[in-house]
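**Student:** Got a file for you: input.txt, compact mmCIF, C-alpha atoms.
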```txt
# COMPACT_ATOMS: atom_id res chain seq x y z
CA MET C 1 -108.95 -146.74 27.23
CA ALA C 2 -110.02 -143.14 26.62
CA ASN C 3 -111.54 -142.32 23.29
CA PRO C 4 -108.85 -140.55 21.22
CA LEU C 5 -111.52 -138.57 19.45
CA HIS C 6 -112.92 -137.18 22.68
CA GLN C 7 -110.53 -134.20 22.38
CA PHE C 8 -112.37 -133.03 19.25
CA GLU C 9 -115.80 -132.90 20.85
CA ILE C 10 -117.53 -129.57 20.99
CA GLN C 11 -118.80 -128.44 24.37
CA VAL C 12 -121.14 -125.53 24.80
CA VAL C 13 -119.84 -122.89 27.17
CA ALA C 14 -122.57 -120.29 26.75
CA PRO C 15 -125.69 -121.16 24.75
CA ILE C 16 -126.65 -118.38 22.32
CA HIS C 17 -129.43 -118.72 19.76
CA PHE C 18 -130.55 -116.33 17.02
CA GLY C 19 -133.84 -117.78 15.88
CA ASP C 20 -132.93 -121.13 14.39
CA VAL C 21 -129.22 -120.37 14.29
CA ASN C 22 -127.15 -121.90 17.06
CA ALA C 23 -124.43 -119.33 17.76
CA SER C 24 -123.45 -120.77 21.12
CA LEU C 25 -120.02 -120.01 22.48
CA THR C 26 -118.30 -123.38 22.59
CA ASN C 27 -114.85 -124.56 23.63
CA SER C 28 -113.87 -124.03 20.00
CA GLY C 29 -114.93 -120.37 20.13
CA VAL C 30 -113.25 -119.91 23.51
CA PHE C 31 -109.94 -121.15 22.12
CA MET C 32 -110.29 -118.88 19.10
CA LEU C 33 -110.66 -115.95 21.50
CA ILE C 34 -107.73 -117.23 23.59
CA THR C 35 -105.67 -117.41 20.39
CA VAL C 36 -106.59 -113.81 19.51
CA ALA C 37 -105.63 -112.73 23.02
CA ALA C 38 -102.37 -114.69 22.89
CA VAL C 39 -101.33 -113.25 19.52
CA THR C 40 -102.21 -109.73 20.67
CA LEU C 41 -100.37 -110.17 23.96
CA PHE C 42 -97.33 -111.69 22.26
CA LEU C 43 -97.01 -108.82 19.80
CA MET C 44 -98.04 -106.01 22.16
CA PHE C 45 -95.80 -107.28 24.95
CA GLY C 46 -92.95 -107.64 22.50
CA MET C 47 -93.41 -104.12 21.17
CA ARG C 48 -94.21 -102.44 24.50
CA ASN C 49 -90.87 -100.62 24.73
CA ARG C 50 -90.29 -100.11 21.01
CA ARG C 51 -86.57 -100.28 21.47
CA LEU C 52 -84.27 -99.38 18.64
CA VAL C 53 -82.11 -102.29 19.69
CA PRO C 54 -84.68 -105.04 20.29
CA GLY C 55 -84.77 -107.45 23.20
CA ARG C 56 -85.81 -111.10 22.91
CA TRP C 57 -89.56 -110.58 22.82
CA GLN C 58 -89.33 -107.67 20.46
CA SER C 59 -87.02 -109.69 18.21
CA MET C 60 -89.60 -112.47 18.03
CA ALA C 61 -92.39 -110.02 17.20
CA GLU C 62 -90.23 -108.34 14.56
CA LEU C 63 -89.09 -111.69 13.24
CA SER C 64 -92.66 -112.87 12.65
CA TYR C 65 -93.42 -109.55 10.96
CA GLU C 66 -90.41 -109.77 8.68
CA PHE C 67 -91.02 -113.45 7.98
CA ILE C 68 -94.51 -112.79 6.62
CA ALA C 69 -93.50 -109.51 4.98
CA GLY C 70 -90.76 -111.39 3.11
CA MET C 71 -93.19 -114.13 2.15
CA VAL C 72 -95.68 -111.62 0.75
CA ARG C 73 -92.93 -109.70 -1.05
CA ASP C 74 -91.45 -112.83 -2.64
CA ASN C 75 -94.69 -114.57 -3.55
CA VAL C 76 -97.11 -111.78 -4.33
CA GLY C 77 -94.90 -108.85 -5.18
CA ASN C 78 -95.37 -105.19 -4.48
CA GLU C 79 -99.14 -105.30 -5.02
CA GLY C 80 -99.33 -107.67 -2.07
CA ARG C 81 -98.59 -104.95 0.49
CA ARG C 82 -102.27 -104.10 0.76
CA TYR C 83 -103.08 -107.65 1.81
CA PHE C 84 -100.18 -107.98 4.23
CA PRO C 85 -102.26 -107.30 7.40
CA PHE C 86 -104.70 -110.02 6.40
CA ILE C 87 -102.00 -112.56 5.56
CA PHE C 88 -100.11 -111.77 8.74
CA SER C 89 -103.30 -112.17 10.81
CA LEU C 90 -104.04 -115.44 9.04
CA PHE C 91 -100.60 -116.84 9.76
CA MET C 92 -100.56 -115.78 13.41
CA PHE C 93 -104.11 -117.05 13.96
CA ILE C 94 -103.39 -120.51 12.55
CA LEU C 95 -99.94 -120.77 14.14
CA PHE C 96 -101.12 -119.80 17.61
CA GLY C 97 -104.25 -121.94 17.22
CA ASN C 98 -102.07 -124.94 16.39
CA LEU C 99 -99.56 -124.25 19.16
CA ILE C 100 -102.15 -123.59 21.87
CA GLY C 101 -103.88 -126.79 20.76
CA LEU C 102 -100.73 -128.69 21.79
CA VAL C 103 -101.24 -127.74 25.43
CA PRO C 104 -102.77 -130.75 27.23
CA TYR C 105 -106.52 -130.50 27.85
CA SER C 106 -106.83 -127.61 25.40
CA PHE C 107 -108.84 -127.60 22.19
CA THR C 108 -107.44 -127.32 18.66
CA PHE C 109 -109.94 -125.42 16.53
CA THR C 110 -107.79 -125.98 13.41
CA SER C 111 -108.58 -129.69 13.72
CA HIS C 112 -112.17 -128.96 12.74
CA ILE C 113 -112.91 -129.12 9.04
CA ILE C 114 -115.60 -126.46 9.24
CA VAL C 115 -113.10 -123.94 10.65
CA THR C 116 -110.36 -124.64 8.13
CA PHE C 117 -112.92 -124.83 5.33
CA ALA C 118 -114.40 -121.48 6.30
CA MET C 119 -110.93 -119.91 6.25
CA ALA C 120 -110.01 -121.58 2.96
CA MET C 121 -113.33 -120.56 1.40
CA PHE C 122 -112.85 -116.96 2.53
CA VAL C 123 -109.38 -116.92 0.97
CA PHE C 124 -110.66 -118.58 -2.21
CA LEU C 125 -113.61 -116.20 -2.65
CA GLY C 126 -111.55 -113.17 -1.70
CA VAL C 127 -108.80 -114.05 -4.16
CA THR C 128 -111.33 -114.74 -6.93
CA VAL C 129 -113.06 -111.41 -6.31
CA ILE C 130 -109.70 -109.59 -6.36
CA GLY C 131 -108.85 -111.30 -9.66
CA ILE C 132 -112.16 -110.43 -11.30
CA VAL C 133 -112.08 -106.82 -10.05
CA ARG C 134 -108.55 -106.34 -11.33
CA HIS C 135 -108.89 -108.07 -14.70
CA ARG C 136 -112.67 -108.10 -15.43
CA LEU C 137 -113.39 -110.71 -18.10
CA LYS C 138 -109.71 -111.21 -18.81
CA PHE C 139 -109.54 -113.05 -15.51
CA PHE C 140 -111.12 -116.09 -17.15
CA SER C 141 -108.18 -116.35 -19.55
CA TYR C 142 -106.50 -117.82 -16.48
CA PHE C 143 -108.14 -121.13 -17.31
CA LEU C 144 -106.42 -121.32 -20.69
CA PRO C 145 -102.68 -121.02 -20.23
CA LYS C 146 -100.82 -119.10 -22.92
CA GLY C 147 -99.16 -120.99 -25.77
CA VAL C 148 -101.49 -123.96 -25.56
CA PRO C 149 -102.83 -125.16 -28.95
CA LEU C 150 -106.54 -124.48 -29.29
CA VAL C 151 -107.23 -128.14 -29.96
CA MET C 152 -106.28 -128.82 -26.38
CA ALA C 153 -108.64 -126.19 -25.01
CA PRO C 154 -111.72 -128.42 -24.58
CA LEU C 155 -109.63 -130.78 -22.51
CA LEU C 156 -107.51 -128.24 -20.66
CA ILE C 157 -110.12 -125.70 -19.62
CA PRO C 158 -112.19 -128.18 -17.56
CA ILE C 159 -109.01 -129.45 -15.92
CA GLU C 160 -107.90 -125.92 -15.06
CA ILE C 161 -111.34 -125.07 -13.70
CA MET C 162 -111.43 -128.24 -11.65
CA SER C 163 -108.01 -127.60 -10.18
CA TYR C 164 -108.99 -124.00 -9.43
CA LEU C 165 -112.18 -125.06 -7.68
CA SER C 166 -110.43 -127.74 -5.69
CA ARG C 167 -108.12 -125.17 -4.08
CA PRO C 168 -110.29 -124.44 -1.02
CA ILE C 169 -110.83 -128.18 -0.52
CA SER C 170 -107.16 -129.10 -0.59
CA LEU C 171 -106.25 -126.03 1.45
CA SER C 172 -108.76 -126.81 4.22
CA ILE C 173 -108.30 -130.58 4.30
CA ARG C 174 -104.52 -130.32 4.44
CA LEU C 175 -104.61 -128.29 7.64
CA PHE C 176 -107.53 -130.11 9.22
CA ALA C 177 -106.23 -133.61 8.44
CA ASN C 178 -102.73 -132.84 9.66
CA MET C 179 -103.94 -131.44 12.95
CA MET C 180 -106.50 -134.17 13.52
CA ALA C 181 -104.18 -137.03 12.58
CA GLY C 182 -101.35 -135.76 14.78
CA HIS C 183 -103.55 -135.16 17.80
CA THR C 184 -105.32 -138.49 17.39
CA MET C 185 -102.04 -140.34 17.11
CA MET C 186 -100.73 -138.71 20.25
CA LYS C 187 -103.87 -139.67 22.14
CA VAL C 188 -103.74 -143.26 20.83
CA PHE C 189 -100.16 -143.73 22.03
CA ALA C 190 -100.89 -141.90 25.28
CA GLY C 191 -103.76 -144.34 25.87
CA PHE C 192 -101.26 -147.23 25.89
CA VAL C 193 -98.92 -145.75 28.48
CA VAL C 194 -100.82 -146.70 31.65
CA PRO C 195 -102.26 -150.07 30.45
CA LEU C 196 -98.78 -151.31 29.48
CA GLY C 197 -97.59 -150.74 33.02
CA ILE C 198 -94.40 -149.47 34.53
CA LEU C 199 -92.22 -151.66 32.29
CA GLY C 200 -93.95 -151.51 28.90
CA GLY C 201 -95.38 -147.99 29.24
CA TRP C 202 -92.10 -146.32 28.42
CA ALA C 203 -92.28 -147.30 24.77
CA PRO C 204 -95.49 -145.41 23.89
CA LEU C 205 -94.43 -142.59 26.20
CA SER C 206 -91.17 -142.07 24.36
CA ILE C 207 -93.04 -142.23 21.06
CA ASP C 208 -95.34 -139.52 22.40
CA VAL C 209 -92.37 -137.38 23.37
CA ALA C 210 -91.05 -137.66 19.81
CA LEU C 211 -94.55 -137.03 18.43
CA THR C 212 -94.89 -133.89 20.54
CA ALA C 213 -91.72 -132.48 19.01
CA PHE C 214 -92.99 -133.53 15.59
CA GLU C 215 -96.34 -131.86 16.25
CA PHE C 216 -94.59 -128.57 17.01
CA LEU C 217 -93.02 -128.82 13.58
CA VAL C 218 -96.36 -129.67 12.00
CA ALA C 219 -98.06 -126.80 13.84
CA PHE C 220 -95.60 -124.35 12.33
CA LEU C 221 -95.37 -126.03 8.95
CA GLN C 222 -99.12 -126.18 8.37
CA ALA C 223 -99.55 -122.53 9.32
CA TYR C 224 -96.74 -121.74 6.90
CA VAL C 225 -98.21 -123.87 4.10
CA PHE C 226 -101.68 -122.39 4.49
CA THR C 227 -100.26 -118.87 4.40
CA ILE C 228 -97.88 -119.39 1.52
CA LEU C 229 -100.59 -121.03 -0.59
CA THR C 230 -102.79 -118.03 0.13
CA CYS C 231 -99.94 -115.83 -1.12
CA ILE C 232 -99.54 -117.92 -4.26
CA TYR C 233 -103.29 -117.81 -5.01
CA LEU C 234 -103.19 -114.07 -4.48
CA HIS C 235 -100.26 -113.81 -6.87
CA ASP C 236 -102.18 -115.77 -9.51
CA ALA C 237 -105.21 -113.51 -9.11
CA ILE C 238 -103.10 -110.35 -9.42
CA HIS C 239 -100.74 -111.44 -12.20
CA LEU C 240 -102.69 -114.24 -13.96
CA HIS C 241 -99.81 -116.75 -14.15
CA MET H 242 -117.36 -132.27 -1.18
CA ARG H 243 -119.48 -133.38 1.72
CA GLY H 244 -119.18 -136.95 0.55
CA PHE H 245 -115.44 -136.58 0.50
CA ILE H 246 -115.37 -135.38 4.08
CA ARG H 247 -117.59 -138.26 5.12
CA LEU H 248 -115.26 -140.64 3.35
CA LEU H 249 -112.27 -139.14 5.09
CA GLY H 250 -114.03 -139.32 8.43
CA GLY H 251 -114.84 -142.94 7.74
CA LEU H 252 -111.20 -143.71 6.97
CA THR H 253 -110.05 -142.08 10.17
CA LEU H 254 -112.66 -144.04 12.06
CA THR H 255 -111.50 -147.32 10.61
CA ALA H 256 -107.93 -146.41 11.45
CA THR H 257 -108.81 -145.90 15.09
CA ALA H 258 -111.46 -148.59 15.26
CA GLY H 259 -111.69 -150.65 18.37
CA THR H 260 -110.92 -147.76 20.69
CA GLY H 261 -114.51 -147.14 21.68
CA ALA H 262 -116.03 -147.22 18.22
CA ALA H 263 -119.50 -147.31 19.67
CA SER H 264 -119.31 -143.85 21.27
CA ALA H 265 -117.45 -142.42 18.25
CA ALA H 266 -120.01 -143.48 15.72
CA THR H 267 -119.70 -139.99 14.30
CA LEU H 268 -116.58 -137.92 14.17
CA PRO H 269 -117.07 -134.72 16.21
CA GLN H 270 -115.81 -132.74 13.19
CA LEU H 271 -118.76 -134.00 11.14
CA ASP H 272 -121.38 -133.02 13.66
CA ARG H 273 -123.19 -130.24 11.88
CA GLU H 274 -124.88 -128.99 15.00
CA PHE H 275 -122.04 -126.60 15.79
CA TYR H 276 -120.99 -125.61 12.26
CA ALA H 277 -122.82 -122.30 12.40
CA SER H 278 -121.52 -121.39 15.85
CA GLN H 279 -117.92 -122.24 14.91
CA VAL H 280 -118.08 -120.16 11.72
CA ILE H 281 -119.67 -117.26 13.60
CA TRP H 282 -117.04 -117.31 16.35
CA LEU H 283 -114.29 -117.77 13.79
CA ALA H 284 -115.52 -114.67 11.98
CA ILE H 285 -115.79 -112.69 15.22
CA SER H 286 -112.39 -113.66 16.60
CA PHE H 287 -110.56 -113.34 13.29
CA LEU H 288 -112.12 -109.92 12.70
CA ILE H 289 -111.02 -108.80 16.17
CA LEU H 290 -107.50 -110.09 15.53
CA TYR H 291 -107.37 -108.50 12.09
CA VAL H 292 -108.49 -105.10 13.38
CA ILE H 293 -106.08 -105.17 16.32
CA LEU H 294 -103.13 -106.18 14.17
CA TRP H 295 -104.01 -103.86 11.27
CA ARG H 296 -104.77 -100.78 13.36
CA PHE H 297 -102.40 -101.08 16.32
CA VAL H 298 -99.75 -103.77 16.16
CA LEU H 299 -98.46 -103.73 12.59
CA PRO H 300 -98.05 -99.93 12.37
CA ARG H 301 -95.99 -100.10 15.55
CA ILE H 302 -93.71 -102.81 14.21
CA SER H 303 -93.31 -101.25 10.78
CA HIS H 304 -92.67 -97.88 12.42
CA ILE H 305 -89.86 -99.21 14.59
CA LEU H 306 -88.38 -101.16 11.67
CA GLU H 307 -88.39 -98.06 9.48
CA GLU H 308 -86.96 -95.97 12.28
CA ARG H 309 -84.14 -98.46 12.73
CA GLN H 310 -83.49 -98.53 9.00
CA ASP H 311 -83.46 -94.72 8.87
CA ARG H 312 -81.20 -94.55 11.88
CA ILE H 313 -78.72 -96.99 10.38
CA GLU H 314 -78.74 -95.16 7.06
CA GLY H 315 -78.43 -91.82 8.85
CA ASN H 316 -75.48 -93.06 10.85
CA LEU H 317 -73.80 -94.40 7.75
CA GLU H 318 -74.38 -91.10 5.99
CA ARG H 319 -73.03 -89.15 8.94
CA ALA H 320 -69.99 -91.38 9.09
CA GLU H 321 -69.42 -90.75 5.40
CA THR H 322 -69.77 -86.98 5.88
CA ILE H 323 -67.35 -87.01 8.80
CA ARG H 324 -64.91 -89.09 6.80
CA ARG H 325 -65.09 -86.62 3.94
CA GLU H 326 -64.64 -83.71 6.33
CA ALA H 327 -61.61 -85.37 7.88
CA GLN H 328 -60.16 -85.94 4.44
CA ALA H 329 -60.79 -82.29 3.50
CA THR H 330 -59.13 -81.18 6.73
CA ALA H 331 -56.13 -83.39 6.08
CA GLU H 332 -55.86 -82.00 2.56
CA ALA H 333 -56.12 -78.43 3.85
CA TYR H 334 -53.43 -79.18 6.39
CA GLU H 335 -51.15 -80.62 3.73
CA LYS H 336 -51.78 -77.59 1.56
CA ALA H 337 -51.07 -75.17 4.41
CA VAL H 338 -47.83 -76.97 5.21
CA ALA H 339 -46.78 -76.90 1.57
CA GLU H 340 -47.68 -73.22 1.27
CA SER H 341 -45.78 -72.18 4.36
CA ARG H 342 -42.80 -74.23 3.25
CA ALA H 343 -42.85 -72.45 -0.10
CA ALA H 344 -43.22 -69.08 1.64
CA ALA H 345 -40.27 -69.88 3.88
CA GLN H 346 -38.22 -70.88 0.86
CA ALA H 347 -39.12 -67.61 -0.83
CA VAL H 348 -38.16 -65.59 2.24
CA ILE H 349 -34.87 -67.43 2.50
CA ALA H 350 -34.14 -66.93 -1.20
CA LYS H 351 -35.01 -63.25 -0.98
CA ALA H 352 -32.80 -62.75 2.04
CA ARG H 353 -29.96 -64.55 0.35
CA ASP H 354 -30.37 -62.46 -2.83
CA ARG H 355 -30.43 -59.26 -0.86
CA MET H 356 -27.35 -60.21 1.07
CA THR H 357 -25.56 -61.26 -2.10
CA ALA H 358 -26.49 -57.97 -3.73
CA GLU H 359 -25.35 -56.01 -0.69
CA ALA H 360 -22.09 -57.89 -0.57
CA ALA H 361 -21.56 -57.27 -4.29
CA ALA H 362 -22.35 -53.61 -3.82
CA HIS H 363 -19.92 -53.35 -0.89
CA HIS H 364 -17.33 -55.17 -2.88
CA ALA H 365 -17.76 -52.89 -5.87
CA LYS H 366 -17.63 -49.79 -3.71
CA LEU H 367 -14.52 -50.98 -1.93
CA GLY H 368 -12.93 -51.88 -5.25
CA GLN H 369 -13.72 -48.43 -6.57
CA ARG H 370 -12.29 -46.71 -3.54
CA LEU H 371 -9.20 -48.86 -3.65
CA ALA H 372 -8.82 -48.26 -7.37
CA ALA H 373 -9.14 -44.52 -6.76
CA GLU H 374 -6.59 -44.67 -3.98
CA ILE H 375 -4.28 -46.74 -6.17
CA ALA H 376 -4.70 -44.29 -9.05
CA GLU H 377 -4.05 -41.39 -6.72
CA ALA H 378 -1.00 -43.07 -5.30
CA GLU H 379 0.25 -43.88 -8.76
CA GLY H 380 -0.27 -40.25 -9.78
CA ARG H 381 1.66 -39.14 -6.76
CA ILE H 382 4.42 -41.58 -7.56
CA GLN H 383 4.44 -40.40 -11.16
CA GLU H 384 4.62 -36.82 -9.98
CA ALA H 385 7.45 -37.60 -7.64
CA LYS H 386 9.19 -39.50 -10.37
CA ASN H 387 8.73 -36.62 -12.85
CA GLU H 388 9.93 -34.24 -10.24
CA ALA H 389 12.86 -36.48 -9.52
CA MET H 390 13.55 -36.80 -13.21
CA ALA H 391 13.41 -33.05 -13.62
CA HIS H 392 15.81 -32.65 -10.71
CA LEU H 393 17.99 -35.37 -12.15
CA ARG H 394 18.42 -33.44 -15.35
CA ASP H 395 19.37 -30.28 -13.50
CA VAL H 396 21.76 -32.20 -11.30
CA ALA H 397 23.19 -33.96 -14.38
CA VAL H 398 23.59 -30.65 -16.20
CA GLU H 399 25.24 -29.14 -13.16
CA VAL H 400 27.50 -32.13 -12.60
CA ALA H 401 28.40 -32.26 -16.30
CA SER H 402 29.08 -28.51 -16.39
CA SER H 403 31.26 -28.55 -13.31
CA ALA H 404 33.04 -31.71 -14.51
CA ALA H 405 33.67 -30.16 -17.89
CA GLU H 406 34.81 -26.93 -16.23
CA ARG H 407 37.16 -28.80 -14.02
CA LEU H 408 38.51 -30.94 -16.86
CA ALA H 409 38.64 -28.31 -19.52
CA GLY H 410 39.24 -25.38 -17.22
CA GLU H 411 36.78 -23.20 -18.88
CA ARG H 412 33.10 -22.44 -18.65
CA VAL H 413 30.86 -24.55 -20.77
CA ASP H 414 27.69 -23.26 -22.23
CA PRO H 415 24.93 -24.60 -19.99
CA ARG H 416 22.64 -24.83 -23.00
CA ALA H 417 24.93 -27.23 -24.86
CA VAL H 418 25.35 -29.28 -21.71
CA GLY H 419 21.55 -29.40 -21.31
CA LYS H 420 21.20 -30.70 -24.88
CA VAL H 421 23.75 -33.44 -24.37
CA VAL H 422 22.19 -34.48 -21.07
CA ASP H 423 18.75 -34.59 -22.66
CA ARG H 424 20.07 -36.79 -25.46
CA VAL H 425 21.78 -39.19 -23.02
CA LEU H 426 18.68 -39.33 -20.81
CA LYS H 427 16.62 -40.07 -23.82
CA GLU H 428 18.94 -42.89 -24.80
CA ARG H 429 18.95 -44.33 -21.33
CA SER H 430 15.28 -44.18 -20.56
```
Would you put the structure from the file into structure tokens?

**Tutor:**
Amino acid sequence: MANPLHQFEIQVVAPIHFGDVNASLTNSGVFMLITVAAVTLFLMFGMRNRRLVPGRWQSMAELSYEFIAGMVRDNVGNEGRRYFPFIFSLFMFILFGNLIGLVPYSFTFTSHIIVTFAMAMFVFLGVTVIGIVRHRLKFFSYFLPKGVPLVMAPLLIPIEIMSYLSRPISLSIRLFANMMAGHTMMKVFAGFVVPLGILGGWAPLSIDVALTAFEFLVAFLQAYVFTILTCIYLHDAIHLH
Amino acid sequence: MRGFIRLLGGLTLTATAGTGAASAATLPQLDREFYASQVIWLAISFLILYVILWRFVLPRISHILEERQDRIEGNLERAETIRREAQATAEAYEKAVAESRAAAQAVIAKARDRMTAEAAAHHAKLGQRLAAEIAEAEGRIQEAKNEAMAHLRDVAVEVASSAAERLAGERVDPRAVGKVVDRVLKERS
């Protein structure tokens, strides 16, 4: 039976080295570039005619725009407009990365913890910097919620700091674990199809069909969750609760 | 953090154990050999995507959305203006109709007044002329009557004189006869 983890292996496409740093273009990097190309094509193709009355493709492009614009407006507020391009790029990048990863024989870069952790860390650091720049020292009052008796402070402040610091971890592991678990499960069931033969093979195959549909949902949902949590963190940094 | 990931990787491994555990001794995700390259290519590709979307794609979409919004609002505004214009026109029409009706009424009333006045004037004039003619005729009748009365006295005097002459056989003083006749006429009239 094929190794279900084989799909996560990194393969070097073009070896590149800067001194000690291995910057080789791998299948992961190739699929990131494919994702960028796909997002660009999807949006550019959709908006190529710029019709006042949109067609199907243009509707989808506009729909994704309005979906994220609404999310930013509802969760961050008016100050969030500046960060809209970033949040939109983040959503489209993760969504298309997840969806392209569902194509057989492709590679899902969002199933790699280093990728999701890098994204989560960038969001975390960026949000923290925005908060400190906007509020200076007042930013640290975030760790002591208003109306809490001072006696509680020694207990509450470490908890708040811990929960704040765990944000990039939960954010990255949620996406990574969901993608990896789903893809592994699909491969495990797929591995049973041929060994169980023409009679028994239908059972794992039908489970895989259902799982594929489920994975489409997960692909969208995880992109959505990652993006909306980014919005919520941004809101906290801008408004401090 | 790292320990946590290792733990998670271990759990996943146990979950899928037996499916070639020997070759999957390490989870590919935990192989640090390609961490740097993945982060570098993530940064490159995300930066490219961000710049493309920020500079080219998003302005296009927001432009068309704004244009559509403006167009819809413009159309609604124009519809409202046209509606108001139509209402103003209808009101003007109503007013014009009412005005011309009033003017027509005035003309009719004026014409009727003039005709009534003319008729009254004609009537008065005719009445005057008739009254004059009647008065004239009455005067003539009176004259004729006076004349006839005057003649009557003479005739009466003459008849009385000749009757007295024939009865008495002598001439009667015409003056005395005149007096008697006058007295009788006075009594009779």

**Student:** Given all atoms listed in the file, how would the per-residue table for chain C near chain H read, listing every residue at most 7 Å away with its closest atom pair and distance in Å to one decimal, sorted by chain and number, as CSV?

**Tutor:**
```
residue,atom,partner,partner_atom,distance
C:Met1,CA,H:Thr260,CA,6.9
C:Asn3,CA,H:Gly261,CA,5.9
C:Phe8,CA,H:Pro269,CA,5.8
C:Glu9,CA,H:Pro269,CA,5.1
C:Val21,CA,H:Ala277,CA,6.9
C:Asn22,CA,H:Ser278,CA,5.8
C:Ala23,CA,H:Ser278,CA,4.0
C:Ser24,CA,H:Ser278,CA,5.6
C:Leu25,CA,H:Ser278,CA,6.9
C:Ser28,CA,H:Gln279,CA,6.7
C:Gly29,CA,H:Trp282,CA,5.3
C:Met32,CA,H:Ser286,CA,6.2
C:Leu33,CA,H:Ser286,CA,5.7
C:Val36,CA,H:Leu290,CA,5.5
C:Leu43,CA,H:Val298,CA,6.8
C:Met44,CA,H:Val298,CA,6.6
C:Arg50,CA,H:Ile305,CA,6.5
C:Leu52,CA,H:Arg309,CA,6.0
C:Glu62,CA,H:Ile302,CA,6.5
C:Pro85,CA,H:Trp295,CA,5.5
C:Phe86,CA,H:Tyr291,CA,6.5
C:Ser89,CA,H:Tyr291,CA,5.6
C:His112,CA,H:Gln270,CA,5.3
C:Ile113,CA,H:Gln270,CA,6.2
C:Ile114,CA,H:Tyr276,CA,6.2
C:Val115,CA,H:Val280,CA,6.3
C:Ala118,CA,H:Val280,CA,6.7
```

**Student:** May I have the residues within 9 Å of Ala120 (chain C) as a short mmCIF file (atom, residue, chain, number, x, y, z; two decimals) with C-alpha atoms, in the coordinates of the input, using all atoms listed in the file and disregarding those fewer than 6 positions away in the same chain?

**Tutor:**
```
data_model
loop_
_atom_site.label_atom_id
_atom_site.label_comp_id
_atom_site.auth_asym_id
_atom_site.auth_seq_id
_atom_site.Cartn_x
_atom_site.Cartn_y
_atom_site.Cartn_z
CA ARG C 167 -108.12 -125.17 -4.08
CA PRO C 168 -110.29 -124.44 -1.02
CA ILE C 169 -110.83 -128.18 -0.52
CA SER C 170 -107.16 -129.10 -0.59
CA LEU C 171 -106.25 -126.03 1.45
CA SER C 172 -108.76 -126.81 4.22
CA PHE C 226 -101.68 -122.39 4.49
CA THR C 230 -102.79 -118.03 0.13
#
```

**Student:** Let me have the centre and edge lengths of the axis-aligned box enclosing all listed atoms of region 36-52 of chain C with 4 Å padding on every side, in Å to one decimal, as lines of an AutoDock Vina configuration file.

**Tutor:**
```
center_x = -95.4
center_y = -107.0
center_z = 21.8
size_x = 30.3
size_y = 23.3
size_z = 14.3
```

**Student:** How many Å separate CA of Glu307 (chain H) from CA of Ala69 (chain C)?

**Tutor:**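 CA of Ala69 (chain C) lies at a distance of 13.3 Å from CA of Glu307 (chain H).
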
**Student:** I'd like to know which of C:Val123, C:Val133, C:Ile10, C:Met162 is closest to Phe109 (chain C), using only C-alpha atoms.

**Tutor:** C:Ile10

**Student:** Applying 12 Å and only C-alpha atoms, which residues near Glu399 (chain H) remain after dropping the ones on its own chain fewer than 6 positions away? List them as a ChimeraX atom specification.

**Tutor:** /H:392-393,405-407,412-419,422

**Student:** Between CA of Ala219 (chain C) and CA of His183 (chain C), measure the distance and give it in Å to one decimal.

**Tutor:**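 According to the coordinates, CA of Ala219 (chain C) and CA of His183 (chain C) are separated by 10.8 Å.
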
**Student:** Could you jot down the CA of Gly80 (chain C) to CA of Leu165 (chain C) separation for me, Å, one decimal place?

**Tutor:** 22.3 Å

**Student:** Applying 10 Å and all atoms listed in the file, which residues near Leu426 (chain H) remain after dropping the ones on its own chain fewer than 5 positions away? List them as a list in words.

**Tutor:** Met390, Leu393, Arg394, Ala397, Lys420 and Val421 of chain H

**Student:** Suppose we keep C-alpha atoms; can you now write the selection as an mmCIF file, keeping the file's coordinate frame?

**Tutor:**
```
data_model
loop_
_atom_site.group_PDB
_atom_site.id
_atom_site.type_symbol
_atom_site.label_atom_id
_atom_site.label_comp_id
_atom_site.auth_asym_id
_atom_site.auth_seq_id
_atom_site.Cartn_x
_atom_site.Cartn_y
_atom_site.Cartn_z
ATOM 1 C CA MET H 390 13.550 -36.800 -13.210
ATOM 2 C CA LEU H 393 17.990 -35.370 -12.150
ATOM 3 C CA ARG H 394 18.420 -33.440 -15.350
ATOM 4 C CA ALA H 397 23.190 -33.960 -14.380
ATOM 5 C CA LYS H 420 21.200 -30.700 -24.880
ATOM 6 C CA VAL H 421 23.750 -33.440 -24.370
#
```

**Student:** Could you name the residues that touch Phe31 (chain C) at 7 Å or less, counting all atoms listed in the file, but leaving out those on the same chain fewer than 4 positions away, as a list of chain:residue names?

**Tutor:** C:Asn27, C:Thr35, C:Phe107

**Student:** Using all atoms listed in the file, can you tell me which of C:Glu215, C:Ile16, C:Tyr224, C:Trp57 comes closest to Met180 (chain C)?

**Tutor:**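 Smallest distance to Met180 (chain C) is found for C:Glu215.
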